[in-house]
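Everything below belongs to start-v3.pdb, which stores PDB, C-alpha atoms, pLDDT in the B column.
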ATOM      1  CA  MET A   1      -5.459 -10.098   3.005  1.00 84.00           C
ATOM      2  CA  ILE A   2      -5.413  -8.536  -0.449  1.00 90.00           C
ATOM      3  CA  HIS A   3      -2.696  -7.431  -2.873  1.00 93.00           C
ATOM      4  CA  ALA A   4      -2.808  -3.651  -2.812  1.00 96.00           C
ATOM      5  CA  GLN A   5      -0.218  -2.397  -5.272  1.00 95.00           C
ATOM      6  CA  THR A   6      -2.294   0.462  -6.691  1.00 96.00           C
ATOM      7  CA  VAL A   7      -4.702   1.055  -3.811  1.00 97.00           C
ATOM      8  CA  ARG A   8      -6.027   4.605  -3.390  1.00 97.00           C
ATOM      9  CA  GLU A   9      -6.383   6.542  -0.119  1.00 97.00           C
ATOM     10  CA  ASP A  10     -10.169   6.093  -0.078  1.00 98.00           C
ATOM     11  CA  GLN A  11      -9.706   2.363  -0.575  1.00 98.00           C
ATOM     12  CA  LEU A  12      -7.288   2.237   2.356  1.00 98.00           C
ATOM     13  CA  ASP A  13      -9.968   3.923   4.462  1.00 98.00           C
ATOM     14  CA  ARG A  14     -12.489   1.296   3.383  1.00 98.00           C
ATOM     15  CA  MET A  15     -10.009  -1.501   4.108  1.00 98.00           C
ATOM     16  CA  LYS A  16      -9.661  -0.144   7.641  1.00 97.00           C
ATOM     17  CA  GLU A  17     -13.445  -0.131   8.067  1.00 97.00           C
ATOM     18  CA  LEU A  18     -13.630  -3.742   6.860  1.00 97.00           C
ATOM     19  CA  ASN A  19     -10.522  -4.887   8.780  1.00 96.00           C
ATOM     20  CA  VAL A  20      -8.819  -5.966   5.543  1.00 96.00           C
ATOM     21  CA  LEU A  21      -5.050  -6.446   5.581  1.00 96.00           C
ATOM     22  CA  PRO A  22      -3.326  -4.960   2.534  1.00 98.00           C
ATOM     23  CA  SER A  23      -0.296  -6.850   1.264  1.00 97.00           C
ATOM     24  CA  PHE A  24       2.349  -4.872  -0.581  1.00 97.00           C
ATOM     25  CA  PHE A  25       5.100  -5.946  -2.996  1.00 93.00           C
ATOM     26  CA  PRO A  26       7.546  -3.032  -2.563  1.00 93.00           C
ATOM     27  CA  ALA A  27      10.359  -4.725  -4.485  1.00 89.00           C
ATOM     28  CA  HIS A  28       8.150  -3.988  -7.487  1.00 89.00           C
ATOM     29  CA  ILE A  29       9.032  -0.323  -6.931  1.00 94.00           C
ATOM     30  CA  TYR A  30      12.744  -1.139  -7.017  1.00 92.00           C
ATOM     31  CA  TYR A  31      12.782  -3.483 -10.013  1.00 91.00           C
ATOM     32  CA  TRP A  32       9.984  -2.123 -12.235  1.00 94.00           C
ATOM     33  CA  GLY A  33       9.073   1.291 -10.805  1.00 95.00           C
ATOM     34  CA  ASP A  34      10.617   3.240 -13.691  1.00 97.00           C
ATOM     35  CA  LYS A  35       8.581   1.286 -16.255  1.00 97.00           C
ATOM     36  CA  HIS A  36       5.398   1.822 -14.267  1.00 96.00           C
ATOM     37  CA  TYR A  37       6.217   5.540 -14.070  1.00 97.00           C
ATOM     38  CA  LYS A  38       7.006   5.957 -17.769  1.00 97.00           C
ATOM     39  CA  ILE A  39       4.819   3.335 -19.469  1.00 97.00           C
ATOM     40  CA  PHE A  40       2.187   1.494 -17.456  1.00 96.00           C
ATOM     41  CA  LEU A  41       0.729   3.705 -14.713  1.00 96.00           C
ATOM     42  CA  GLY A  42       2.026   7.211 -15.313  1.00 97.00           C
ATOM     43  CA  PRO A  43       3.676   9.472 -12.730  1.00 97.00           C
ATOM     44  CA  GLU A  44       0.753  10.029 -10.350  1.00 96.00           C
ATOM     45  CA  ARG A  45      -0.261   6.391  -9.955  1.00 96.00           C
ATOM     46  CA  ALA A  46       3.322   5.086 -10.018  1.00 96.00           C
ATOM     47  CA  ASN A  47       4.312   7.448  -7.207  1.00 96.00           C
ATOM     48  CA  ARG A  48       1.532   5.878  -5.090  1.00 96.00           C
ATOM     49  CA  MET A  49       2.429   2.260  -5.840  1.00 96.00           C
ATOM     50  CA  ASN A  50       2.504  -0.005  -2.781  1.00 97.00           C
ATOM     51  CA  PRO A  51       1.649   2.761  -0.274  1.00 97.00           C
ATOM     52  CA  ALA A  52       2.631   0.843   2.877  1.00 97.00           C
ATOM     53  CA  GLY A  53       3.466   4.056   4.765  1.00 96.00           C
ATOM     54  CA  SER A  54       0.037   5.527   4.040  1.00 97.00           C
ATOM     55  CA  ALA A  55      -1.616   2.331   5.228  1.00 98.00           C
ATOM     56  CA  ILE A  56       0.414   2.227   8.445  1.00 97.00           C
ATOM     57  CA  ARG A  57      -0.341   5.904   9.181  1.00 97.00           C
ATOM     58  CA  LYS A  58      -4.047   5.036   8.856  1.00 98.00           C
ATOM     59  CA  GLY A  59      -3.604   2.329  11.483  1.00 97.00           C
ATOM     60  CA  LEU A  60      -3.783  -0.653   9.140  1.00 98.00           C
ATOM     61  CA  LYS A  61      -1.711  -3.750   9.734  1.00 97.00           C
ATOM     62  CA  VAL A  62       0.146  -4.628   6.543  1.00 97.00           C
ATOM     63  CA  THR A  63       2.212  -7.437   5.088  1.00 95.00           C
ATOM     64  CA  LEU A  64       5.022  -7.339   2.549  1.00 93.00           C
ATOM     65  CA  HIS A  65       5.474 -10.082  -0.026  1.00 90.00           C
ATOM     66  CA  THR A  66       7.868 -10.967  -2.839  1.00 84.00           C
ATOM     67  CA  ASP A  67       5.497 -12.869  -5.139  1.00 82.00           C
ATOM     68  CA  SER A  68       8.160 -15.563  -5.193  1.00 77.00           C
ATOM     69  CA  PRO A  69       9.398 -16.704  -7.656  1.00 79.00           C
ATOM     70  CA  THR A  70       8.959 -13.207  -9.182  1.00 78.00           C
ATOM     71  CA  VAL A  71      11.501 -12.051  -6.619  1.00 78.00           C
ATOM     72  CA  ILE A  72      13.114 -14.994  -4.848  1.00 73.00           C
ATOM     73  CA  ALA A  73      12.482 -15.000  -1.105  1.00 74.00           C
ATOM     74  CA  GLY A  74      15.659 -15.441   0.940  1.00 74.00           C
ATOM     75  CA  ILE A  75      19.182 -15.100  -0.396  1.00 74.00           C
ATOM     76  CA  ALA A  76      19.577 -14.618  -4.151  1.00 68.00           C
ATOM     77  CA  ASN A  77      22.902 -13.795  -5.804  1.00 72.00           C
ATOM     78  CA  GLY A  78      24.362 -13.001  -2.395  1.00 76.00           C
ATOM     79  CA  GLU A  79      21.636 -10.464  -1.607  1.00 76.00           C
ATOM     80  CA  ASN A  80      19.139 -10.794   1.223  1.00 78.00           C
ATOM     81  CA  THR A  81      15.864 -10.252  -0.616  1.00 77.00           C
ATOM     82  CA  PHE A  82      13.959  -9.729   2.643  1.00 83.00           C
ATOM     83  CA  LEU A  83      16.152  -6.723   3.409  1.00 85.00           C
ATOM     84  CA  LYS A  84      15.645  -5.476  -0.158  1.00 83.00           C
ATOM     85  CA  LEU A  85      11.884  -5.773   0.385  1.00 86.00           C
ATOM     86  CA  VAL A  86      11.964  -3.667   3.551  1.00 90.00           C
ATOM     87  CA  SER A  87      14.414  -1.187   2.031  1.00 91.00           C
ATOM     88  CA  SER A  88      12.148  -0.772  -0.997  1.00 91.00           C
ATOM     89  CA  ALA A  89       9.127  -0.176   1.233  1.00 93.00           C
ATOM     90  CA  VAL A  90      10.942   2.462   3.277  1.00 94.00           C
ATOM     91  CA  ASN A  91      13.097   4.217   0.665  1.00 95.00           C
ATOM     92  CA  ARG A  92      10.906   3.793  -2.437  1.00 94.00           C
ATOM     93  CA  LYS A  93      13.922   3.958  -4.792  1.00 94.00           C
ATOM     94  CA  THR A  94      14.057   2.344  -8.219  1.00 94.00           C
ATOM     95  CA  LEU A  95      16.897   0.360  -9.708  1.00 89.00           C
TER      96      LEU A  95
END

How does this structure look as structure tokens?
Amino acid sequence: MIHAQTVREDQLDRMKELNVLPSFFPAHIYYWGDKHYKIFLGPERANRMNPAGSAIRKGLKVTLHTDSPTVIAGIANGENTFLKLVSSAVNRKTL
């Protein structure tokens, strides 16, 4: 298993060949996606951050993680962070 926040399509293909499991932190999109878009990665790379859907379409098994304590796993401030993680992976919306 490997953190795969900025993995490219060709790297996903290679992961499949090697039977590597990419692990994505999609809450990163929600909490810090705008900063990655504007400051750190730029639009093209930020739009591809944590490409769980691309990996799944290629037939890869994936995991999602929170990098706790970066994002607390469980219930934080009345919010189920596991649901936020899945929602972020599916909807890819920023705060």

Next on the checklist: Can you tell me which residues surround segment 38-46 of chain A at a distance of at most 12 Å, considering only C-alpha atoms, apart from same-chain residues fewer than 2 positions away, and format the answer as a list in words?
Outcome noted: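 The filter keeps Gln5, Thr6, Val7, Arg8, Glu9, Pro26, His28, Ile29, Tyr30, Trp32, Gly33, Asp34, Lys35, His36, Arg48, Met49, Asn50, Pro51, Arg92, Lys93 and Thr94 of chain A.
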
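Remark: for Leu21 of chain A, the closest of the candidate residues A:Val62, A:Val71, A:Leu83, A:Ile56 is A:Val62 (distances computed over all atoms listed in the file).
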
Item to check | Of the listed residues A:Leu18, A:Leu85, A:Ala55, A:Ile2, that which approaches Ile72 of chain A most closely, counting all atoms listed in the file | outcome: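 Going through A:Leu18, A:Leu85, A:Ala55, A:Ile2 one by one, the smallest distance to Ile72 of chain A is for A:Leu85.
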
Checklist entry - How many Å lie between atom CA of Asp10 of chain A and atom CA of Gly53 of chain A, rounded to one decimal? => result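 A separation of 14.6 Å between them.
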
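Of the listed residues (A:Leu95, A:Ala73, A:Val20, A:Val90), A:Val20 comes nearest to His3 of chain A; the distances count only C-alpha atoms.
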
Checklist entry - For the atom pair atom CA of Arg57 of chain A and atom CA of Asp13 of chain A, what is the interatomic distance in Å to one decimal place? => result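 The value is 10.9 Å.
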
What would segment 27-61 of chain A look like with N, CA and C atoms restored, written as an mmCIF file, in the frame of the given file?
data_model
loop_
_atom_site.group_PDB
_atom_site.id
_atom_site.type_symbol
_atom_site.label_atom_id
_atom_site.label_comp_id
_atom_site.auth_asym_id
_atom_site.auth_seq_id
_atom_site.Cartn_x
_atom_site.Cartn_y
_atom_site.Cartn_z
ATOM 1 N N ALA A 27 9.242 -4.500 -3.576
ATOM 2 C CA ALA A 27 10.359 -4.725 -4.485
ATOM 3 C C ALA A 27 9.954 -4.392 -5.916
ATOM 4 N N HIS A 28 8.664 -4.386 -6.174
ATOM 5 C CA HIS A 28 8.150 -3.988 -7.487
ATOM 6 C C HIS A 28 8.563 -2.548 -7.785
ATOM 7 N N ILE A 29 8.582 -1.710 -6.770
ATOM 8 C CA ILE A 29 9.032 -0.323 -6.931
ATOM 9 C C ILE A 29 10.485 -0.323 -7.393
ATOM 10 N N TYR A 30 11.319 -1.102 -6.713
ATOM 11 C CA TYR A 30 12.744 -1.139 -7.017
ATOM 12 C C TYR A 30 13.007 -1.669 -8.422
ATOM 13 N N TYR A 31 12.446 -2.826 -8.746
ATOM 14 C CA TYR A 31 12.782 -3.483 -10.013
ATOM 15 C C TYR A 31 12.047 -2.912 -11.228
ATOM 16 N N TRP A 32 10.788 -2.519 -11.077
ATOM 17 C CA TRP A 32 9.984 -2.123 -12.235
ATOM 18 C C TRP A 32 9.336 -0.740 -12.102
ATOM 19 N N GLY A 33 9.693 -0.013 -11.053
ATOM 20 C CA GLY A 33 9.073 1.291 -10.805
ATOM 21 C C GLY A 33 9.226 2.272 -11.951
ATOM 22 N N ASP A 34 10.395 2.303 -12.580
ATOM 23 C CA ASP A 34 10.617 3.240 -13.691
ATOM 24 C C ASP A 34 9.691 2.940 -14.869
ATOM 25 N N LYS A 35 9.481 1.655 -15.152
ATOM 26 C CA LYS A 35 8.581 1.286 -16.255
ATOM 27 C C LYS A 35 7.136 1.642 -15.917
ATOM 28 N N HIS A 36 6.753 1.431 -14.666
ATOM 29 C CA HIS A 36 5.398 1.822 -14.267
ATOM 30 C C HIS A 36 5.231 3.336 -14.398
ATOM 31 N N TYR A 37 6.253 4.079 -14.010
ATOM 32 C CA TYR A 37 6.217 5.540 -14.070
ATOM 33 C C TYR A 37 6.099 6.032 -15.513
ATOM 34 N N LYS A 38 6.922 5.467 -16.397
ATOM 35 C CA LYS A 38 7.006 5.957 -17.769
ATOM 36 C C LYS A 38 5.993 5.326 -18.726
ATOM 37 N N ILE A 39 5.605 4.070 -18.484
ATOM 38 C CA ILE A 39 4.819 3.335 -19.469
ATOM 39 C C ILE A 39 3.441 2.908 -18.969
ATOM 40 N N PHE A 40 3.411 2.194 -17.840
ATOM 41 C CA PHE A 40 2.187 1.494 -17.456
ATOM 42 C C PHE A 40 1.185 2.313 -16.643
ATOM 43 N N LEU A 41 1.648 3.013 -15.614
ATOM 44 C CA LEU A 41 0.729 3.705 -14.713
ATOM 45 C C LEU A 41 0.753 5.221 -14.850
ATOM 46 N N GLY A 42 1.866 5.763 -15.286
ATOM 47 C CA GLY A 42 2.026 7.211 -15.313
ATOM 48 C C GLY A 42 2.547 7.702 -13.969
ATOM 49 N N PRO A 43 3.018 8.950 -13.934
ATOM 50 C CA PRO A 43 3.676 9.472 -12.730
ATOM 51 C C PRO A 43 2.801 9.455 -11.470
ATOM 52 N N GLU A 44 1.586 9.913 -11.559
ATOM 53 C CA GLU A 44 0.753 10.029 -10.350
ATOM 54 C C GLU A 44 0.486 8.669 -9.710
ATOM 55 N N ARG A 45 0.048 7.719 -10.507
ATOM 56 C CA ARG A 45 -0.261 6.391 -9.955
ATOM 57 C C ARG A 45 1.012 5.638 -9.564
ATOM 58 N N ALA A 46 2.071 5.782 -10.347
ATOM 59 C CA ALA A 46 3.322 5.086 -10.018
ATOM 60 C C ALA A 46 3.910 5.594 -8.702
ATOM 61 N N ASN A 47 3.798 6.885 -8.457
ATOM 62 C CA ASN A 47 4.312 7.448 -7.207
ATOM 63 C C ASN A 47 3.538 6.953 -5.984
ATOM 64 N N ARG A 48 2.355 6.401 -6.189
ATOM 65 C CA ARG A 48 1.532 5.878 -5.090
ATOM 66 C C ARG A 48 1.575 4.354 -5.007
ATOM 67 N N MET A 49 2.366 3.721 -5.845
ATOM 68 C CA MET A 49 2.429 2.260 -5.840
ATOM 69 C C MET A 49 2.838 1.726 -4.479
ATOM 70 N N ASN A 50 2.168 0.670 -4.038
ATOM 71 C CA ASN A 50 2.504 -0.005 -2.781
ATOM 72 C C ASN A 50 2.644 0.978 -1.618
ATOM 73 N N PRO A 51 1.573 1.715 -1.292
ATOM 74 C CA PRO A 51 1.649 2.761 -0.274
ATOM 75 C C PRO A 51 1.595 2.223 1.160
ATOM 76 N N ALA A 52 2.604 1.443 1.539
ATOM 77 C CA ALA A 52 2.631 0.843 2.877
ATOM 78 C C ALA A 52 2.647 1.919 3.969
ATOM 79 N N GLY A 53 3.404 2.976 3.772
ATOM 80 C CA GLY A 53 3.466 4.056 4.765
ATOM 81 C C GLY A 53 2.112 4.694 4.989
ATOM 82 N N SER A 54 1.385 4.952 3.915
ATOM 83 C CA SER A 54 0.037 5.527 4.040
ATOM 84 C C SER A 54 -0.869 4.598 4.828
ATOM 85 N N ALA A 55 -0.782 3.314 4.536
ATOM 86 C CA ALA A 55 -1.616 2.331 5.228
ATOM 87 C C ALA A 55 -1.285 2.285 6.715
ATOM 88 N N ILE A 56 -0.007 2.278 7.043
ATOM 89 C CA ILE A 56 0.414 2.227 8.445
ATOM 90 C C ILE A 56 -0.029 3.485 9.182
ATOM 91 N N ARG A 57 0.105 4.654 8.549
ATOM 92 C CA ARG A 57 -0.341 5.904 9.181
ATOM 93 C C ARG A 57 -1.843 5.898 9.445
ATOM 94 N N LYS A 58 -2.600 5.152 8.649
ATOM 95 C CA LYS A 58 -4.047 5.036 8.856
ATOM 96 C C LYS A 58 -4.400 3.985 9.911
ATOM 97 N N GLY A 59 -3.376 3.319 10.447
ATOM 98 C CA GLY A 59 -3.604 2.329 11.483
ATOM 99 C C GLY A 59 -3.866 0.923 10.976
ATOM 100 N N LEU A 60 -3.614 0.687 9.696
ATOM 101 C CA LEU A 60 -3.783 -0.653 9.140
ATOM 102 C C LEU A 60 -2.568 -1.521 9.446
ATOM 103 N N LYS A 61 -2.807 -2.785 9.682
ATOM 104 C CA LYS A 61 -1.711 -3.750 9.734
ATOM 105 C C LYS A 61 -1.461 -4.178 8.300
#
